[in-house]
>>> print(open('protein20.txt').read())   # compact mmCIF, C-alpha atoms
# COMPACT_ATOMS: atom_id res chain seq x y z
CA MET X 1 -40.82 13.44 -22.20
CA GLY X 2 -38.35 10.98 -23.66
CA VAL X 3 -36.12 13.68 -24.98
CA SER X 4 -35.92 15.47 -21.66
CA GLU X 5 -35.14 12.20 -19.87
CA GLY X 6 -32.43 11.54 -22.41
CA GLU X 7 -30.99 14.99 -21.86
CA GLU X 8 -31.04 14.49 -18.13
CA SER X 9 -29.21 11.21 -18.40
CA CYS X 10 -26.72 12.86 -20.73
CA LEU X 11 -26.09 15.60 -18.18
CA LEU X 12 -25.68 13.05 -15.43
CA LEU X 13 -23.23 11.13 -17.56
CA ASP X 14 -21.33 14.34 -18.26
CA GLU X 15 -21.10 15.11 -14.59
CA LYS X 16 -19.91 11.62 -13.73
CA LEU X 17 -17.35 11.66 -16.49
CA LEU X 18 -15.98 15.01 -15.37
CA HIS X 19 -15.79 13.70 -11.82
CA PHE X 20 -13.99 10.63 -13.14
CA MET X 21 -11.51 12.80 -15.04
CA ASP X 22 -10.90 14.94 -11.95
CA GLN X 23 -10.21 11.85 -9.90
CA LEU X 24 -7.78 10.55 -12.52
CA GLU X 25 -5.98 13.87 -12.58
CA LEU X 26 -5.72 13.92 -8.80
CA LEU X 27 -4.47 10.33 -8.86
CA GLU X 28 -1.77 11.23 -11.33
CA LYS X 29 -0.66 14.20 -9.24
CA LYS X 30 -0.50 12.14 -6.07
CA ARG X 31 1.31 9.38 -7.93
CA THR X 32 3.95 11.83 -9.09
CA SER X 33 4.50 13.13 -5.57
CA LEU X 34 4.60 9.58 -4.17
CA ASN X 35 7.21 8.59 -6.71
CA SER X 36 9.34 11.63 -5.94
CA LEU X 37 9.05 10.97 -2.20
CA ILE X 38 10.17 7.38 -2.66
CA GLU X 39 13.04 8.50 -4.87
CA GLN X 40 14.05 11.03 -2.25
CA GLY X 41 13.97 8.28 0.36
CA TRP X 42 16.22 6.05 -1.70
CA PHE X 43 18.62 8.90 -2.30
CA SER X 44 18.89 9.59 1.42
CA MET X 45 19.27 5.90 2.13
CA THR X 46 22.09 5.66 -0.39
CA LYS X 47 23.81 8.61 1.28
CA ALA X 48 23.45 6.87 4.65
CA ARG X 49 24.83 3.69 3.13
CA TYR X 50 27.80 5.62 1.80
CA SER X 51 28.66 6.95 5.23
CA MET X 52 27.78 3.84 7.27
CA GLY X 53 29.00 1.13 4.97
CA ASN X 54 27.29 -0.97 2.35
CA LYS X 55 26.18 -3.85 4.54
CA LEU X 56 24.97 -1.75 7.44
CA VAL X 57 21.82 -0.59 5.66
CA SER X 58 20.36 -3.85 4.43
CA ALA X 59 17.76 -6.50 5.16
CA LEU X 60 20.23 -8.16 7.52
CA GLN X 61 19.70 -5.36 10.01
CA TYR X 62 15.97 -5.92 10.44
CA ALA X 63 14.92 -6.66 14.00
CA ASN X 64 13.73 -10.08 15.09
CA GLU X 65 10.65 -8.57 16.65
CA MET X 66 8.59 -6.00 14.81
CA ASP X 67 5.45 -4.16 15.67
CA PRO X 68 3.88 -1.73 13.24
CA LEU X 69 4.21 1.93 14.12
CA VAL X 70 1.73 2.89 11.40
CA CYS X 71 -1.71 1.35 11.06
CA VAL X 72 -4.47 1.95 8.55
CA HIS X 73 -8.10 2.34 9.57
CA VAL X 74 -10.53 1.44 6.81
CA ARG X 75 -13.84 3.26 6.81
CA THR X 76 -16.62 2.75 4.32
CA LEU X 77 -18.81 5.81 3.94
CA ASP X 78 -22.54 5.74 3.20
CA SER X 79 -21.84 6.68 -0.38
CA GLY X 80 -19.79 3.50 -0.74
CA GLU X 81 -16.49 5.36 -0.72
CA VAL X 82 -13.65 3.69 1.13
CA VAL X 83 -11.34 5.87 3.18
CA PHE X 84 -7.98 4.76 4.52
CA CYS X 85 -6.78 6.72 7.55
CA THR X 86 -3.22 6.15 8.64
CA GLU X 87 -2.61 6.24 12.34
CA LYS X 88 0.81 6.55 13.85
CA SER X 89 1.44 5.16 17.28
CA ALA X 90 3.20 8.39 18.11
CA HIS X 91 2.87 8.04 21.88
CA LYS X 92 4.70 4.75 21.72
CA CYS X 93 7.50 6.36 19.77
CA SER X 94 7.82 9.28 22.15
CA GLU X 95 7.77 6.97 25.15
CA GLU X 96 10.35 4.87 23.48
CA SER X 97 12.56 7.79 22.71
CA THR X 98 12.45 9.00 26.32
CA LYS X 99 13.08 5.50 27.62
CA ASP X 100 15.86 5.03 25.16
CA HIS X 101 17.61 8.17 26.35
CA THR X 102 17.86 6.66 29.80
CA CYS X 103 18.71 3.31 28.29
CA VAL X 104 21.56 4.63 26.16
CA GLU X 105 23.74 5.41 29.16
CA ASN X 106 23.45 1.85 30.43
CA VAL X 107 23.93 0.14 27.10
CA GLY X 108 27.67 -0.44 27.31
CA PRO X 109 28.00 -2.16 30.71
CA GLN X 110 24.71 -4.05 30.25
CA GLU X 111 25.79 -5.50 26.96
CA GLU X 112 28.98 -6.69 28.51
CA GLY X 113 26.96 -8.25 31.27
CA ILE X 114 24.63 -10.06 28.89
CA ARG X 115 27.12 -12.77 28.09
CA HIS X 116 27.63 -13.52 31.77
CA ARG X 117 23.95 -13.23 32.40
CA LYS X 118 23.04 -15.93 29.93
CA LYS X 119 25.37 -18.32 31.69
CA LYS X 120 24.18 -17.21 35.10
CA LYS X 121 20.59 -17.49 33.97
CA ASN X 122 21.18 -21.11 33.09
CA ILE X 123 22.75 -21.67 36.45
CA THR X 124 19.91 -19.96 38.25
CA GLU X 125 17.41 -21.99 36.34
CA LYS X 126 19.17 -25.12 37.47
CA LYS X 127 19.52 -23.91 41.03
CA PRO X 128 16.34 -22.79 42.77
CA GLY X 129 16.81 -19.18 43.10
CA GLU X 130 17.17 -17.29 46.34
CA ASP X 131 20.84 -16.70 45.74
CA ALA X 132 19.96 -15.39 42.30
CA SER X 133 17.99 -12.52 43.79
CA GLY X 134 21.04 -10.33 43.67
CA GLU X 135 21.45 -11.10 39.99
CA ARG X 136 17.85 -10.40 39.11
CA SER X 137 18.11 -6.70 38.52
CA PRO X 138 20.14 -7.04 35.30
CA ASP X 139 17.81 -9.88 34.27
CA ASP X 140 14.83 -7.62 34.73
CA ASN X 141 16.56 -5.04 32.61
CA VAL X 142 16.97 -7.61 29.88
CA VAL X 143 13.31 -8.53 30.02
CA ARG X 144 12.28 -4.92 29.89
CA LYS X 145 14.60 -4.33 27.02
CA GLY X 146 13.15 -7.34 25.23
CA ASP X 147 9.64 -5.98 25.75
CA ARG X 148 10.68 -2.67 24.39
CA ASP X 149 12.28 -4.04 21.27
CA PRO X 150 9.12 -4.64 19.25
CA LEU X 151 8.03 -1.05 19.73
CA GLN X 152 11.42 0.32 18.94
CA ASP X 153 11.93 2.97 16.34
CA PRO X 154 13.19 1.12 13.22
CA LEU X 155 16.06 3.60 13.04
CA LYS X 156 17.59 1.81 16.02
CA TRP X 157 17.97 -1.35 13.94
CA PHE X 158 20.76 0.39 12.12
CA GLY X 159 22.58 1.64 15.19
CA ILE X 160 22.20 4.07 18.05
CA LEU X 161 23.81 7.05 16.40
CA VAL X 162 22.54 6.86 12.84
CA PRO X 163 23.52 9.47 10.28
CA GLN X 164 21.17 12.29 9.39
CA PRO X 165 20.42 11.02 5.86
CA LEU X 166 18.90 7.85 7.31
CA LYS X 167 16.56 9.97 9.41
CA GLN X 168 15.69 11.93 6.29
CA ALA X 169 14.99 8.68 4.48
CA GLN X 170 12.71 7.63 7.31
CA SER X 171 10.73 10.86 7.16
CA SER X 172 10.42 10.57 3.36
CA PHE X 173 9.08 7.04 3.64
CA LYS X 174 6.70 8.04 6.43
CA GLN X 175 5.24 10.67 4.14
CA ALA X 176 5.16 8.12 1.32
CA ILE X 177 3.15 5.74 3.53
CA GLU X 178 0.54 8.41 4.26
CA LEU X 179 0.33 9.32 0.61
CA SER X 180 0.05 5.71 -0.45
CA ALA X 181 -2.99 5.30 1.81
CA GLU X 182 -4.58 8.31 0.11
CA ILE X 183 -3.74 6.90 -3.31
CA ALA X 184 -5.20 3.51 -2.43
CA ALA X 185 -8.47 5.19 -1.43
CA LEU X 186 -8.43 7.24 -4.61
CA GLN X 187 -7.86 4.15 -6.73
CA ILE X 188 -10.92 2.51 -5.22
CA ALA X 189 -12.91 5.70 -5.81
CA VAL X 190 -11.79 5.75 -9.46
CA LEU X 191 -12.90 2.17 -9.97
CA ASN X 192 -16.25 2.85 -8.28
CA THR X 193 -16.87 5.90 -10.44
CA GLN X 194 -15.96 3.89 -13.48
CA GLU X 195 -18.51 1.23 -12.56
CA GLU X 196 -21.19 3.86 -12.01
CA LEU X 197 -20.35 5.45 -15.32
CA LYS X 198 -20.55 2.12 -17.11
CA ASN X 199 -23.90 1.29 -15.52
CA SER X 200 -25.49 4.62 -16.33
CA LEU X 201 -24.12 4.41 -19.87
CA THR X 202 -25.66 0.98 -20.46
CA ASN X 203 -28.91 2.17 -18.86
CA LYS X 204 -28.95 5.13 -21.18
CA VAL X 205 -28.26 3.02 -24.25
CA THR X 206 -30.97 0.49 -23.36
CA SER X 207 -33.53 3.20 -22.56
CA GLY X 208 -32.59 4.93 -25.82
CA GLU X 209 -33.14 1.69 -27.71
CA GLU X 210 -36.50 1.17 -26.02
CA PHE X 211 -37.49 4.70 -26.90
CA LYS X 212 -36.32 4.18 -30.42
CA GLY X 213 -38.29 0.92 -30.64
CA SER X 214 -41.48 2.52 -29.31
CA ALA X 215 -41.05 5.48 -31.65
CA GLY X 216 -40.53 3.05 -34.52
CA GLU X 217 -43.72 1.17 -33.65
CA GLY X 218 -45.88 4.26 -33.08
CA GLY X 219 -44.37 6.39 -35.86
CA ASP X 220 -44.88 6.38 -39.61
CA PRO X 221 -44.82 2.99 -41.22
CA LYS X 222 -42.47 4.42 -43.82
CA GLU X 223 -39.92 5.22 -41.13
CA SER X 224 -40.14 1.80 -39.55
CA THR X 225 -39.81 0.01 -42.87
CA GLY X 226 -37.22 2.32 -44.40
CA SER X 227 -33.92 0.64 -43.82
CA LYS X 228 -31.88 3.68 -44.79
CA GLN X 229 -33.49 5.85 -42.15
CA GLU X 230 -32.96 3.19 -39.48
CA ASP X 231 -29.33 3.09 -40.44
CA THR X 232 -29.04 6.80 -39.98
CA LYS X 233 -30.84 6.61 -36.65
CA GLY X 234 -28.50 4.00 -35.24
CA PRO X 235 -25.31 6.01 -35.46
CA SER X 236 -27.11 9.15 -34.32
CA LEU X 237 -27.98 7.39 -31.04
CA ILE X 238 -24.40 6.33 -30.56
CA GLY X 239 -23.36 9.81 -31.52
CA SER X 240 -25.59 11.23 -28.82
CA THR X 241 -23.99 8.95 -26.23
CA ASP X 242 -20.62 10.07 -27.41
CA ASN X 243 -21.63 13.66 -27.01
CA GLY X 244 -23.09 12.85 -23.65
CA VAL X 245 -19.87 11.22 -22.61
CA MET S 1 -5.85 -5.29 19.96
CA ALA S 2 -9.53 -5.09 19.10
CA GLY S 3 -9.45 -1.53 17.82
CA ARG S 4 -6.15 -1.92 16.06
CA GLY S 5 -5.94 -0.77 12.50
CA LYS S 6 -4.91 -2.82 9.54
CA LEU S 7 -1.45 -3.23 8.11
CA ILE S 8 0.37 -2.17 5.00
CA ALA S 9 2.27 -4.99 3.30
CA VAL S 10 5.25 -4.61 0.96
CA ILE S 11 6.62 -6.82 -1.76
CA GLY S 12 9.71 -5.24 -3.17
CA ASP S 13 13.42 -5.11 -3.60
CA GLU S 14 15.68 -4.63 -0.62
CA ASP S 15 15.74 -0.85 -0.72
CA THR S 16 12.00 -0.51 -1.07
CA CYS S 17 11.35 -2.87 1.82
CA THR S 18 14.01 -1.27 3.99
CA GLY S 19 12.58 2.17 3.30
CA PHE S 20 9.01 1.27 4.12
CA LEU S 21 10.01 -0.75 7.17
CA LEU S 22 11.99 2.28 8.30
CA GLY S 23 8.72 4.15 7.98
CA GLY S 24 7.28 1.75 10.53
CA ILE S 25 4.97 -0.62 8.68
CA GLY S 26 6.82 -3.85 9.48
CA GLU S 27 5.19 -6.54 11.55
CA LEU S 28 6.03 -10.06 12.55
CA ASN S 29 2.89 -11.72 13.84
CA LYS S 30 2.54 -14.46 16.43
CA ASN S 31 3.38 -17.10 13.85
CA ARG S 32 6.40 -14.98 12.94
CA LYS S 33 4.97 -14.34 9.52
CA PRO S 34 6.16 -10.99 8.18
CA ASN S 35 4.03 -8.54 6.24
CA PHE S 36 6.82 -7.94 3.76
CA LEU S 37 8.82 -9.88 1.20
CA VAL S 38 12.28 -8.85 0.11
CA VAL S 39 12.59 -9.96 -3.49
CA GLU S 40 16.13 -10.84 -4.46
CA LYS S 41 17.64 -12.19 -7.63
CA ASP S 42 17.06 -15.77 -6.62
CA THR S 43 13.47 -15.30 -5.43
CA SER S 44 11.19 -17.40 -7.60
CA ILE S 45 8.01 -16.11 -9.19
CA THR S 46 6.06 -18.87 -7.45
CA GLU S 47 7.25 -17.63 -4.09
CA ILE S 48 6.27 -14.07 -4.96
CA GLU S 49 2.85 -15.19 -6.14
CA GLU S 50 2.24 -17.32 -3.07
CA THR S 51 3.23 -14.48 -0.79
CA PHE S 52 0.99 -12.08 -2.69
CA LYS S 53 -1.93 -14.49 -2.40
CA SER S 54 -1.27 -15.02 1.29
CA PHE S 55 -1.34 -11.24 1.78
CA LEU S 56 -4.63 -11.10 -0.10
CA ALA S 57 -6.04 -13.78 2.16
CA ARG S 58 -4.98 -12.04 5.35
CA SER S 59 -7.76 -9.98 6.86
CA ASP S 60 -5.38 -7.69 8.74
CA ILE S 61 -3.83 -6.22 5.60
CA ALA S 62 -5.46 -3.19 3.99
CA ILE S 63 -2.89 -2.12 1.40
CA ILE S 64 -0.29 -4.08 -0.52
CA LEU S 65 2.58 -2.08 -1.96
CA ILE S 66 4.39 -3.86 -4.75
CA ASN S 67 7.23 -2.82 -7.04
CA GLN S 68 5.92 -2.48 -10.56
CA PHE S 69 8.53 -4.78 -12.07
CA ILE S 70 7.52 -7.49 -9.59
CA ALA S 71 3.85 -6.81 -10.33
CA GLU S 72 4.66 -7.47 -13.97
CA MET S 73 5.84 -10.97 -13.01
CA ILE S 74 2.54 -11.83 -11.34
CA ARG S 75 0.27 -9.64 -13.45
CA HIS S 76 -2.36 -12.36 -13.84
CA ALA S 77 -2.73 -12.63 -10.06
CA ILE S 78 -3.03 -8.87 -9.68
CA ASP S 79 -5.58 -8.56 -12.48
CA ALA S 80 -7.60 -11.39 -10.97
CA HIS S 81 -7.90 -9.47 -7.69
CA MET S 82 -11.07 -7.44 -8.12
CA GLN S 83 -11.91 -6.61 -4.49
CA SER S 84 -11.24 -3.17 -3.13
CA ILE S 85 -9.59 -4.38 0.09
CA PRO S 86 -6.71 -5.05 0.22
CA ALA S 87 -5.86 -2.34 -2.27
CA VAL S 88 -2.87 -3.10 -4.47
CA LEU S 89 -0.58 -0.18 -5.16
CA GLU S 90 2.19 -0.40 -7.70
CA ILE S 91 5.27 1.63 -6.87
CA PRO S 92 8.49 2.28 -8.76
CA SER S 93 11.77 0.58 -7.99
CA LYS S 94 15.30 1.86 -8.30
CA GLU S 95 16.00 0.24 -11.64
CA HIS S 96 12.49 0.45 -13.05
CA PRO S 97 10.72 3.80 -13.02
CA TYR S 98 6.95 3.88 -12.66
CA ASP S 99 5.08 3.39 -15.92
CA ALA S 100 1.42 4.39 -15.72
CA SER S 101 0.56 2.40 -18.83
CA LYS S 102 1.45 -0.82 -16.99
CA ASP S 103 -0.55 -0.02 -13.86
CA SER S 104 -3.50 -2.39 -13.56
CA ILE S 105 -5.85 0.26 -12.14
CA LEU S 106 -5.05 2.79 -14.82
CA ARG S 107 -5.36 0.14 -17.50
CA ARG S 108 -8.83 -0.67 -16.21
CA ALA S 109 -9.70 3.02 -16.23
CA LYS S 110 -8.30 3.37 -19.70
CA GLY S 111 -10.54 0.51 -20.82
CA MET S 112 -13.45 2.84 -20.13
CA PHE S 113 -12.67 4.74 -23.29
CA SER S 114 -12.00 1.84 -25.58
CA ALA S 115 -14.38 0.93 -28.39
CA GLU S 116 -15.26 -2.36 -26.66
CA ASP S 117 -16.77 -0.48 -23.78
CA PHE S 118 -19.40 1.16 -25.96
CA ARG S 119 -20.71 -2.12 -27.37
>>> encode(input="protein20.txt", output="structure tokens")
Amino acid sequence: MGVSEGEESCLLLDEKLLHFMDQLELLEKKRTSLNSLIEQGWFSMTKARYSMGNKLVSALQYANEMDPLVCVHVRTLDSGEVVFCTEKSAHKCSEESTKDHTCVENVGPQEEGIRHRKKKKNITEKKPGEDASGERSPDDNVVRKGDRDPLQDPLKWFGILVPQPLKQAQSSFKQAIELSAEIAALQIAVLNTQEELKNSLTNKVTSGEEFKGSAGEGGDPKESTGSKQEDTKGPSLIGSTDNGV
Amino acid sequence: MAGRGKLIAVIGDEDTCTGFLLGGIGELNKNRKPNFLVVEKDTSITEIEETFKSFLARSDIAIILINQFIAEMIRHAIDAHMQSIPAVLEIPSKEHPYDASKDSILRRAKGMFSAEDFR
């Protein structure tokens, strides 16, 4: 009975360990591809920086308002596994891009008008505003534009007509984000498997010791008293766990 | 906003942050707190650690991406974080390529096969 239980636990341990190894291998593969994607992104960004100018691709260009275009949904499965699903707000982007096409034509004259508008806005705020009704249409445009800004494609932070390498960098980093979500889930899975493996290993060792103790009590008195034989039994148990692992 | 997913945070050098923000993960919340930290030469370790801890405390962050060389600076804080969410992911930086032997997750996994584990 005891032997078969021991064998079973050994097989289970083997299975878990193989699963653990598979997960580690997969993690390493995904890591390698993540690193190469990030490197590719940097390379493209450097190319863009070369053509645009050093200071035009930097932290100074970040927008004042930001809304995430990629979100992560965390799901915990019944088995305890955690899954990260990335979700792009693609509809927002597409809406933005169509809106922006119409917006691009008006950008020049509107930007010129903004300086006047700020002054006029102050005036209209001071004066109660029926006479400002004629001026409201550009104001509305400004408000709309302000609303749109947070959902804007981050590429627009760096200009309207950005070079192709910057777009390539963006696509590389988008892929890297998806992959990083997968890797994060895999990391959690690796740690969970490790915990399971540890627990079953300690269970096996303790049950083996109990079995050994009961065998020692019920077996020949010579065996239980013979210190040499106990010494040989000890390592054999550890050896069996090693084989099991 | 109820069904909105969680965020990905970044702590990294300028290029890493710019790249991931270009990918669309950047957010400035109502308190104008960003979900990223651009680490420059004059950024102190305390600031990095505080930001990292504030990201850990935020419930709307699911993954924290951090450059490995910055992770090395606050290794104790990363090793102390044992919860699965937010997951901490170490990534390479331009000057410092990724070294798996320094990664906290892989080091934990490697510990599985050390002699101490079998005691």
>>> closest_residue(input="protein20.txt", among="S:Pro86, S:Gly111, S:Pro34, S:Gly23", to="Leu65 in chain S", atoms="only C-alpha atoms")
S:Pro86
>>> interface_residues(input="protein20.txt", of="chain X", to="chain S", cutoff="6 Å", atoms="all atoms listed in the file", output="PyMOL selection string")
chain X and resi 66-73+154+170+173-174+184
>>> residues_around(input="protein20.txt", residues="Phe158 in chain X", least_positions_apart="3", cutoff="12 Å", atoms="all atoms listed in the file", output="ChimeraX atom specification")
/X:45,48-49,52-63,152-155,161-163,166-167,170 /S:18,21-22
>>> closest_residue(input="protein20.txt", among="X:Ser172, X:Gly6, X:Leu17, X:Leu11", to="Glu195 in chain X", atoms="only C-alpha atoms")
X:Leu17
>>> residues_around(input="protein20.txt", residues="Ala189 in chain X", least_positions_apart="5", cutoff="10 Å", atoms="only C-alpha atoms", output="ChimeraX atom specification")
/X:20,23-24,80-83,183-184,194-195 /S:84
>>> atom_distance(input="protein20.txt", atom1="CA of Leu13 in chain X", atom2="CA of Asp99 in chain S")
29.4 Å
>>> atom_distance(input="protein20.txt", atom1="CA of Phe69 in chain S", atom2="CA of Asp103 in chain S")
10.4 Å
>>> closest_residue(input="protein20.txt", among="X:Cys85, X:Leu18, X:Leu26, X:Cys10", to="Ala181 in chain X", atoms="only C-alpha atoms")
X:Cys85
>>> atom_distance(input="protein20.txt", atom1="CA of Glu47 in chain S", atom2="CA of Glu95 in chain S")
21.3 Å
>>> closest_residue(input="protein20.txt", among="S:Ile66, S:Ala9, S:Ala77, S:Ile45", to="Lys33 in chain S", atoms="all atoms listed in the file")
S:Ala9
